[in-house]
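Structure data follow from query_10.cif (mmCIF, C-alpha atoms):
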```cif
data_model
loop_
_atom_site.label_atom_id
_atom_site.label_comp_id
_atom_site.auth_asym_id
_atom_site.auth_seq_id
_atom_site.Cartn_x
_atom_site.Cartn_y
_atom_site.Cartn_z
CA MET L 1 71.00 141.48 165.03
CA THR L 2 67.36 141.57 163.94
CA VAL L 3 64.84 144.06 165.37
CA PHE L 4 61.18 143.93 164.44
CA VAL L 5 57.70 144.78 165.76
CA VAL L 6 54.93 142.28 166.48
CA THR L 7 51.42 143.67 166.74
CA PHE L 8 48.92 141.46 168.58
CA VAL L 9 45.19 142.07 168.08
CA ARG L 10 42.29 140.21 169.64
CA HIS L 11 39.40 139.35 167.32
CA GLY L 12 36.30 141.55 167.14
CA VAL L 13 33.29 140.91 169.34
CA THR L 14 31.05 137.91 168.68
CA ALA L 15 27.49 137.14 169.78
CA ALA L 16 28.96 134.61 172.22
CA ASN L 17 31.13 137.37 173.75
CA ARG L 18 28.00 139.46 174.23
CA ASP L 19 26.22 136.55 175.91
CA ARG L 20 29.20 135.85 178.20
CA LEU L 21 29.69 132.37 176.75
CA ILE L 22 32.99 130.52 176.71
CA GLN L 23 33.80 129.97 173.04
CA GLY L 24 37.16 128.25 173.28
CA GLN L 25 37.66 126.56 169.93
CA ILE L 26 34.02 126.77 168.83
CA ASP L 27 34.16 128.49 165.43
CA SER L 28 31.95 131.47 166.26
CA PRO L 29 31.34 134.10 163.55
CA LEU L 30 31.96 137.80 164.13
CA HIS L 31 29.03 139.91 165.23
CA GLU L 32 28.43 142.82 162.85
CA ASP L 33 29.73 145.09 165.61
CA GLY L 34 32.93 143.00 165.67
CA ALA L 35 33.44 143.55 161.94
CA GLU L 36 32.98 147.28 162.49
CA GLN L 37 35.48 147.26 165.37
CA ALA L 38 38.05 145.61 163.10
CA ALA L 39 37.35 148.06 160.28
CA LYS L 40 37.87 150.98 162.65
CA LEU L 41 41.19 149.49 163.71
CA GLY L 42 42.09 149.05 160.06
CA CYS L 43 41.39 152.74 159.59
CA LEU L 44 43.65 153.57 162.54
CA LEU L 45 46.45 151.40 161.15
CA SER L 46 45.84 152.33 157.52
CA GLU L 47 49.17 154.11 157.01
CA GLU L 48 51.35 151.47 158.63
CA ILE L 49 53.39 148.93 156.70
CA PHE L 50 52.73 145.33 157.70
CA THR L 51 55.31 142.92 156.34
CA GLY L 52 53.52 139.81 157.58
CA ALA L 53 50.08 138.84 158.88
CA TYR L 54 48.96 135.77 160.82
CA CYS L 55 45.73 134.61 162.45
CA SER L 56 44.26 131.43 163.87
CA ASP L 57 42.12 129.24 161.64
CA LEU L 58 38.92 130.23 163.47
CA GLN L 59 36.73 132.55 161.44
CA ARG L 60 36.45 135.29 164.05
CA THR L 61 40.19 135.98 163.74
CA VAL L 62 40.26 135.45 159.98
CA LEU L 63 37.53 138.04 159.37
CA THR L 64 39.02 140.45 161.92
CA ALA L 65 42.38 140.29 160.16
CA LYS L 66 40.76 140.74 156.75
CA ASN L 67 38.91 143.85 157.90
CA ILE L 68 42.15 145.31 159.30
CA LEU L 69 44.11 144.62 156.13
CA ALA L 70 41.29 145.84 153.89
CA GLY L 71 41.76 149.33 155.32
CA ASN L 72 45.53 149.32 154.84
CA GLN L 73 46.82 151.76 152.22
CA SER L 74 50.29 150.26 151.85
CA ASP L 75 51.24 148.91 148.43
CA ARG L 76 52.87 145.94 150.20
CA ARG L 77 49.85 144.50 151.97
CA PRO L 78 50.86 140.98 153.05
CA ARG L 79 49.11 137.68 152.50
CA LEU L 80 47.22 136.50 155.57
CA ARG L 81 48.46 133.18 156.93
CA LYS L 82 46.55 130.84 159.26
CA ASP L 83 48.27 129.00 162.08
CA ARG L 84 46.34 126.75 164.47
CA ARG L 85 48.80 127.44 167.28
CA LEU L 86 47.11 130.85 167.53
CA ARG L 87 43.76 129.28 168.46
CA GLU L 88 41.96 130.13 171.67
CA ARG L 89 42.37 127.80 174.60
CA ASN L 90 40.42 124.55 174.31
CA TYR L 91 37.96 124.68 177.21
CA GLY L 92 36.74 121.09 176.82
CA GLU L 93 33.35 120.47 178.43
CA ALA L 94 33.07 124.14 179.39
CA GLU L 95 32.74 125.36 175.80
CA GLY L 96 29.32 126.86 175.13
CA LYS L 97 28.64 127.41 178.83
CA THR L 98 28.52 130.80 180.55
CA TRP L 99 31.47 132.03 182.57
CA ALA L 100 29.26 131.94 185.67
CA GLU L 101 28.39 128.27 185.07
CA VAL L 102 32.04 127.32 184.68
CA ASP L 103 33.00 129.30 187.75
CA ARG L 104 30.50 127.21 189.71
CA MET L 105 32.15 124.10 188.23
CA ALA L 106 35.49 125.38 189.54
CA VAL L 107 34.10 126.00 193.04
CA ALA L 108 32.53 122.52 193.10
CA ALA L 109 35.85 120.98 192.06
CA GLY L 110 37.58 122.71 194.97
CA GLY L 111 40.54 123.83 192.88
CA PRO L 112 41.65 127.14 191.38
CA ARG L 113 39.13 129.54 189.88
CA LEU L 114 39.07 130.83 186.32
CA PRO L 115 41.16 131.29 184.28
CA TYR L 116 43.34 128.65 185.97
CA PHE L 117 40.57 126.07 186.47
CA VAL L 118 40.93 123.24 183.93
CA PRO L 119 37.54 121.76 182.95
CA PRO L 120 37.39 118.12 181.83
CA GLY L 121 38.95 117.73 178.38
CA ALA L 122 40.40 121.26 178.40
CA GLU L 123 43.86 122.70 177.91
CA SER L 124 45.56 124.34 180.85
CA CYS L 125 47.05 127.84 180.63
CA PRO L 126 50.58 126.35 180.47
CA ASP L 127 49.44 124.21 177.51
CA VAL L 128 48.36 127.35 175.64
CA LYS L 129 51.56 129.14 176.60
CA ARG L 130 53.69 126.31 175.18
CA ARG L 131 52.12 126.52 171.73
CA ALA L 132 52.16 130.33 171.81
CA VAL L 133 55.89 130.31 172.59
CA LYS L 134 56.46 127.74 169.87
CA PHE L 135 54.74 130.03 167.34
CA PHE L 136 56.63 133.10 168.54
CA LYS L 137 60.05 131.47 168.33
CA SER L 138 59.34 130.21 164.82
CA LEU L 139 58.21 133.73 163.87
CA CYS L 140 61.48 135.17 165.19
CA GLU L 141 63.43 132.63 163.16
CA THR L 142 61.41 133.40 160.02
CA VAL L 143 61.99 137.15 160.29
CA ALA L 144 65.71 136.75 161.14
CA LEU L 145 66.22 134.37 158.22
CA GLU L 146 64.56 136.75 155.80
CA VAL L 147 66.70 139.68 156.96
CA ASN L 148 70.04 137.88 157.20
CA ASP L 149 69.71 135.79 154.05
CA PRO L 150 68.51 138.01 151.18
CA THR L 151 68.57 135.01 148.81
CA SER L 152 65.96 133.13 150.83
CA VAL L 153 62.32 133.20 149.73
CA ALA L 154 60.76 136.13 151.56
CA VAL L 155 57.65 134.66 153.17
CA ASN L 156 56.10 138.10 153.50
CA ASP L 157 56.68 139.22 149.91
CA PRO L 158 53.89 138.21 147.51
CA THR L 159 56.12 139.01 144.52
CA THR L 160 58.73 136.34 145.19
CA THR L 161 59.29 133.91 142.33
CA ASP L 162 57.96 130.76 143.98
CA GLN L 163 54.67 132.42 144.90
CA ALA L 164 54.24 134.53 141.81
CA ASN L 165 54.56 131.50 139.51
CA ASP L 166 52.23 129.28 141.52
CA PRO L 167 48.63 129.60 140.24
CA THR L 168 47.33 127.95 143.42
CA VAL L 169 48.65 130.75 145.64
CA ASP L 170 46.45 133.81 146.08
CA GLN L 171 48.22 137.05 145.25
CA VAL L 172 47.42 139.65 147.87
CA ASN L 173 47.62 142.52 145.40
CA ASP L 174 44.75 141.05 143.38
CA PRO L 175 41.52 142.51 144.86
CA THR L 176 39.48 139.65 143.43
CA VAL L 177 41.11 136.97 145.57
CA ASP L 178 40.92 136.02 149.19
CA PRO L 179 44.47 136.42 150.59
CA ILE L 180 44.47 133.39 152.85
CA ASP L 181 47.24 130.83 152.73
CA GLU L 182 46.94 127.60 154.71
CA HIS L 183 50.20 127.96 156.63
CA ILE L 184 50.92 125.16 159.08
CA ASN L 185 54.39 125.30 160.60
CA ASP L 186 54.57 122.06 162.52
CA PRO L 187 52.86 118.90 161.20
CA THR L 188 53.60 117.08 164.46
CA ASP L 189 51.64 119.56 166.58
CA GLN L 190 48.25 118.30 167.78
CA PHE L 191 46.74 121.67 166.92
CA ASN L 192 47.60 121.14 163.28
CA ASP L 193 45.02 118.40 162.81
CA PRO L 194 43.88 118.97 159.19
CA THR L 195 40.37 117.84 160.05
CA ILE L 196 39.81 120.85 162.30
CA GLY L 197 38.11 123.99 161.10
CA ASP L 198 38.53 123.74 157.34
CA ALA L 199 34.85 123.29 156.46
CA THR L 200 33.92 126.66 157.89
CA LEU L 201 36.91 128.43 156.37
CA ALA L 202 36.03 127.16 152.91
CA ALA L 203 32.99 129.41 153.01
CA THR L 204 34.93 132.51 154.12
CA THR L 205 33.97 135.63 152.20
CA SER L 206 36.37 137.80 150.25
CA ILE L 207 37.95 140.97 151.60
CA ALA L 208 35.54 143.13 149.61
CA GLU L 209 32.55 141.27 151.06
CA CYS L 210 33.67 141.29 154.69
CA PHE L 211 35.05 144.84 154.81
CA GLN L 212 32.74 147.06 156.83
CA PRO L 213 32.87 150.75 155.80
CA VAL L 214 33.26 153.18 158.69
CA ASN L 215 32.68 156.87 159.14
CA SER L 216 35.30 158.79 157.16
CA ALA L 217 36.10 160.88 160.23
CA CYS L 218 37.62 157.71 161.69
CA SER L 219 38.32 159.49 164.97
CA ARG L 220 41.31 161.73 164.23
CA SER L 221 41.91 161.91 167.99
CA SER L 222 42.57 158.17 167.89
CA PHE L 223 45.21 158.67 165.21
CA LYS L 224 46.89 161.31 167.35
CA SER L 225 46.90 159.26 170.55
CA PHE L 226 48.11 156.09 168.83
CA ALA L 227 50.81 157.84 166.80
CA LYS L 228 53.50 157.34 169.43
CA TYR L 229 53.14 153.56 169.04
CA SER L 230 53.03 153.55 165.23
CA VAL L 231 55.42 151.82 162.87
CA LEU L 232 56.05 154.29 160.07
CA LYS L 233 58.35 154.75 157.12
CA LYS L 234 60.92 157.53 157.11
CA LYS L 235 60.34 160.08 154.39
CA SER L 236 63.89 159.55 153.23
CA GLY L 237 63.52 155.76 153.29
CA LYS L 238 63.81 153.70 150.15
CA SER L 239 60.59 152.91 148.38
CA ASP L 240 61.56 149.30 147.74
CA GLY L 241 61.78 146.49 150.28
CA ILE L 242 61.19 147.12 153.95
CA LYS L 243 64.12 149.43 154.70
CA GLY L 244 63.48 152.73 156.40
CA MET L 245 60.77 151.64 158.88
CA PHE L 246 61.03 152.90 162.41
CA VAL L 247 59.18 152.97 165.72
CA LYS L 248 59.57 155.36 168.63
CA HIS L 249 60.81 153.77 171.84
CA ASP L 250 62.32 155.45 174.91
CA ARG L 251 62.24 158.79 173.05
CA LYS L 252 64.34 157.43 170.22
CA GLU L 253 63.60 156.28 166.70
CA VAL L 254 64.45 152.59 166.41
CA GLU L 255 64.82 151.17 162.92
CA VAL L 256 62.95 147.89 162.44
CA CYS L 257 63.04 145.35 159.64
CA ALA L 258 59.47 144.06 159.94
CA ASN L 259 56.05 144.75 161.44
CA VAL L 260 54.06 141.53 161.83
CA LEU L 261 50.32 141.53 162.52
CA VAL L 262 49.10 138.62 164.67
CA VAL L 263 45.33 138.33 165.19
CA SER L 264 44.48 135.83 167.90
CA HIS L 265 42.27 135.32 170.96
CA GLY L 266 42.12 136.83 174.44
CA GLY L 267 43.40 133.79 176.34
CA THR L 268 46.18 133.11 173.85
CA ILE L 269 47.39 136.72 173.75
CA ARG L 270 47.51 136.65 177.56
CA GLU L 271 49.91 133.68 177.38
CA PHE L 272 52.14 135.51 174.89
CA ILE L 273 52.30 138.41 177.34
CA ARG L 274 52.91 136.05 180.27
CA TYR L 275 55.90 134.63 178.39
CA PHE L 276 57.22 138.12 177.60
CA THR L 277 56.92 139.38 181.18
CA GLU L 278 57.93 136.26 183.11
CA GLU L 279 60.58 134.68 180.90
CA MET L 280 61.79 137.49 178.64
CA ARG L 281 61.69 140.02 181.53
CA CYS L 282 59.72 142.48 179.42
CA ASN L 283 59.07 145.66 181.41
CA VAL L 284 55.45 146.77 180.96
CA THR L 285 55.40 149.40 183.70
CA LYS L 286 55.47 152.25 181.15
CA CYS L 287 52.64 150.76 179.10
CA GLN L 288 48.96 151.46 179.64
CA GLY L 289 47.94 149.94 182.97
CA GLY L 290 51.39 148.51 183.66
CA MET L 291 51.87 145.12 185.31
CA ASP L 292 48.48 145.29 187.05
CA LYS L 293 46.76 145.14 183.66
CA ALA L 294 49.28 143.05 181.71
CA LEU L 295 47.58 139.68 182.23
CA VAL L 296 43.95 140.75 181.96
CA CYS L 297 42.02 139.60 178.93
CA THR L 298 42.56 142.25 176.27
CA PRO L 299 39.35 143.88 174.91
CA ASN L 300 37.96 142.89 171.53
CA THR L 301 40.26 144.39 168.85
CA GLY L 302 42.60 145.57 171.62
CA VAL L 303 46.17 146.15 170.39
CA SER L 304 49.34 145.08 172.20
CA ARG L 305 52.58 145.90 170.43
CA PHE L 306 56.12 144.77 171.21
CA LEU L 307 59.62 145.52 169.95
CA VAL L 308 61.50 142.23 169.48
CA THR L 309 65.28 141.79 169.25
CA VAL L 310 66.89 138.62 167.94
CA ALA L 311 70.61 138.90 168.68
CA THR L 312 71.70 135.63 167.07
CA GLN L 313 69.82 133.80 164.35
CA GLY L 314 68.67 130.36 165.44
CA ARG L 315 68.63 131.17 169.15
CA GLY L 316 65.23 132.79 169.48
CA PRO L 317 64.39 136.23 170.88
CA SER L 318 66.95 137.91 173.13
CA ARG L 319 64.86 140.90 174.22
CA VAL L 320 61.20 142.01 174.12
CA ASP L 321 60.11 145.59 174.90
CA CYS L 322 56.52 146.73 175.34
CA LEU L 323 55.32 149.58 173.13
CA CYS L 324 51.62 149.49 174.04
CA LEU L 325 49.29 147.20 175.94
CA HIS L 326 45.57 146.52 175.33
CA ASN L 327 45.12 149.78 173.42
CA ASN L 328 41.62 150.41 172.06
CA ASP L 329 41.79 154.09 171.09
CA HIS L 330 39.97 153.29 167.85
CA LEU L 331 36.78 152.45 169.77
CA ARG L 332 36.62 155.74 171.70
#
```

Output the structure of this file as structure tokens.
Amino acid sequence: MTVFVVTFVRHGVTAANRDRLIQGQIDSPLHEDGAEQAAKLGCLLSEEIFTGAYCSDLQRTVLTAKNILAGNQSDRRPRLRKDRRLRERNYGEAEGKTWAEVDRMAVAAGGPRLPYFVPPGAESCPDVKRRAVKFFKSLCETVALEVNDPTSVAVNDPTTTDQANDPTVDQVNDPTVDPIDEHINDPTDQFNDPTIGDATLAATTSIAECFQPVNSACSRSSFKSFAKYSVLKKKSGKSDGIKGMFVKHDRKEVEVCANVLVVSHGGTIREFIRYFTEEMRCNVTKCQGGMDKALVCTPNTGVSRFLVTVATQGRGPSRVDCLCLHNNDHLR
């Protein structure tokens, strides 16, 4: 049995967010306030151990993830991997329009309102859910394989032989490099079109350049309130590998083998949560807001964290438990 934590984070705020524009898959940059939000979250999560990190290939998630990881004090900071299945919903002809304009389009069409209205050329919510589930199941398989087969190449360990001997692979422990690895899991997926998004990403700045310093106080009250959701290492745990990590759940310490950071988009994170609650029967009643708030669009840099159990390797997740939902203590 494999038990691990997945930590979902929405990207920081963009100018388009401020202007109430539908971005969809437009490659909008972070607003400076968005970079600061991410840096504050990085401060909050600075003492946690992340064994893996993923984001979409759109720069607002890439830079958010970089700011989070830049504040991490672990000596095992993972390489950041891009996956196009984590992109925001494609809104077709609605992209670049205001939410109010698109709502009027929905009314004129006489069908469902947002977010269930499907503009011409757009994905539906079920379309987004399908690729989100596909990513999540492959993530479960990756983590389970790494835990159950110690001889396999550990995708989250930058010191493994294949990566360490490859001069084309950025080593995350080298502060002079940009720890981004083009990681496409499924070449048959339409969202893995290699012509999408690469031009912008080629100009992405390094961690040192995009990291936004924050006040050293870093809201100690935020640390205290978020502590009950944290993934920490037992003092008696081994210093090597990932053994000894635990998370508190139902008043117990649950040992976990991994803590994976996934930085994505509001609409996509909602479909992950929809899958967890509707198909995996994840109970969110004890989380912030409960079921009434589960399927709202999470705030910019909001954190939703889940405990995932894979009972049998190769059969996907068997259980998902909610640890926190849409938490933004770091912004208070």

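Separating CA of Val231 in chain L from CA of Val3 in chain L is a distance of 12.5 Å.
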
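Restricting the calculation to only C-alpha atoms, the smallest distance between Glu93 in chain L and any of L:Cys140, L:Ile22, L:Ile273, L:Leu45 is found for L:Ile22.
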
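Relative to CA of Lys66 in chain L, CA of Asp127 in chain L is found at 27.9 Å.
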
Legend entry - Answer as number ranges by chain, residues within 6 Å of (51.2, 139.8, 161.0) using all atoms listed in the file: L: 52-54, 260-262

Legend entry - Distance in Å - CA of Pro126 in chain L versus CA of Asn327 in chain L: 25.1 Å

Inset, instruction - Starting from the shown file, work through the PyMOL selection byres ((chain L and resi 284) around 12) and note down what comes out as a ChimeraX atom specification. - result: /L:273-274,276-278,280-283,285-295,304-307,320-326

Point (41.5, 145.1, 155.4), cut-off 8 Å, counting all atoms listed in the file, residues as a short mmCIF file (atom, residue, chain, number, x, y, z; two decimals) with C-alpha atoms, in the coordinates of the input:
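Once written, selection_8.cif looks like this:
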```
data_model
loop_
_atom_site.label_atom_id
_atom_site.label_comp_id
_atom_site.auth_asym_id
_atom_site.auth_seq_id
_atom_site.Cartn_x
_atom_site.Cartn_y
_atom_site.Cartn_z
CA ALA L 39 37.35 148.06 160.28
CA GLY L 42 42.09 149.05 160.06
CA ALA L 65 42.38 140.29 160.16
CA LYS L 66 40.76 140.74 156.75
CA ASN L 67 38.91 143.85 157.90
CA ILE L 68 42.15 145.31 159.30
CA LEU L 69 44.11 144.62 156.13
CA ALA L 70 41.29 145.84 153.89
CA GLY L 71 41.76 149.33 155.32
CA ASN L 72 45.53 149.32 154.84
CA ILE L 207 37.95 140.97 151.60
CA PHE L 211 35.05 144.84 154.81
#
```

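In terms of minimum interatomic distance to Cys55 in chain L, L:Ser264 ranks closest within L:Thr7, L:Gln37, L:Ser264, L:Gln23, counting only C-alpha atoms.
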
Inset, instruction - Enumerate, as a PyMOL selection string, the residues matched when the PyMOL selection byres ((chain L and resi 143) around 9) is run on the file above. - result: chain L and resi 2+4+138-142+144-148+154-155+257-258

Inset, instruction - Given the file shown, enumerate the residues that the PyMOL selection byres ((chain L and resi 9) around 6) captures and present them as JSON, numbers by chain. - result: {"L": [8, 10, 263, 301, 302, 303]}

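The nearest approach to Asn300 in chain L among the residues L:Leu331, L:Val13, L:Ile26, L:Leu63, with all atoms listed in the file taken into account, belongs to L:Val13.
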
Inset, instruction - Considering only C-alpha atoms, state which residue in the set L:Arg113, L:Lys40, L:Arg319, L:His31 is at the smallest distance from Ala15 in chain L. - result: L:His31

Legend entry - Nearest residue to Gly314 in chain L from the set L:Arg130, L:Arg81, L:Lys137, L:Arg87 (distances using all atoms listed in the file): L:Lys137

Legend entry - Among listed residues L:Gly24, L:Glu36, L:Glu101, L:Leu58, nearest Gly121 in chain L (using all atoms listed in the file): L:Gly24

Legend entry - Distance query Lys228 in chain L at most 9 Å, only C-alpha atoms, self and fewer than 6 positions along chain excluded, as a PyMOL selection string: chain L and resi 247-249+323
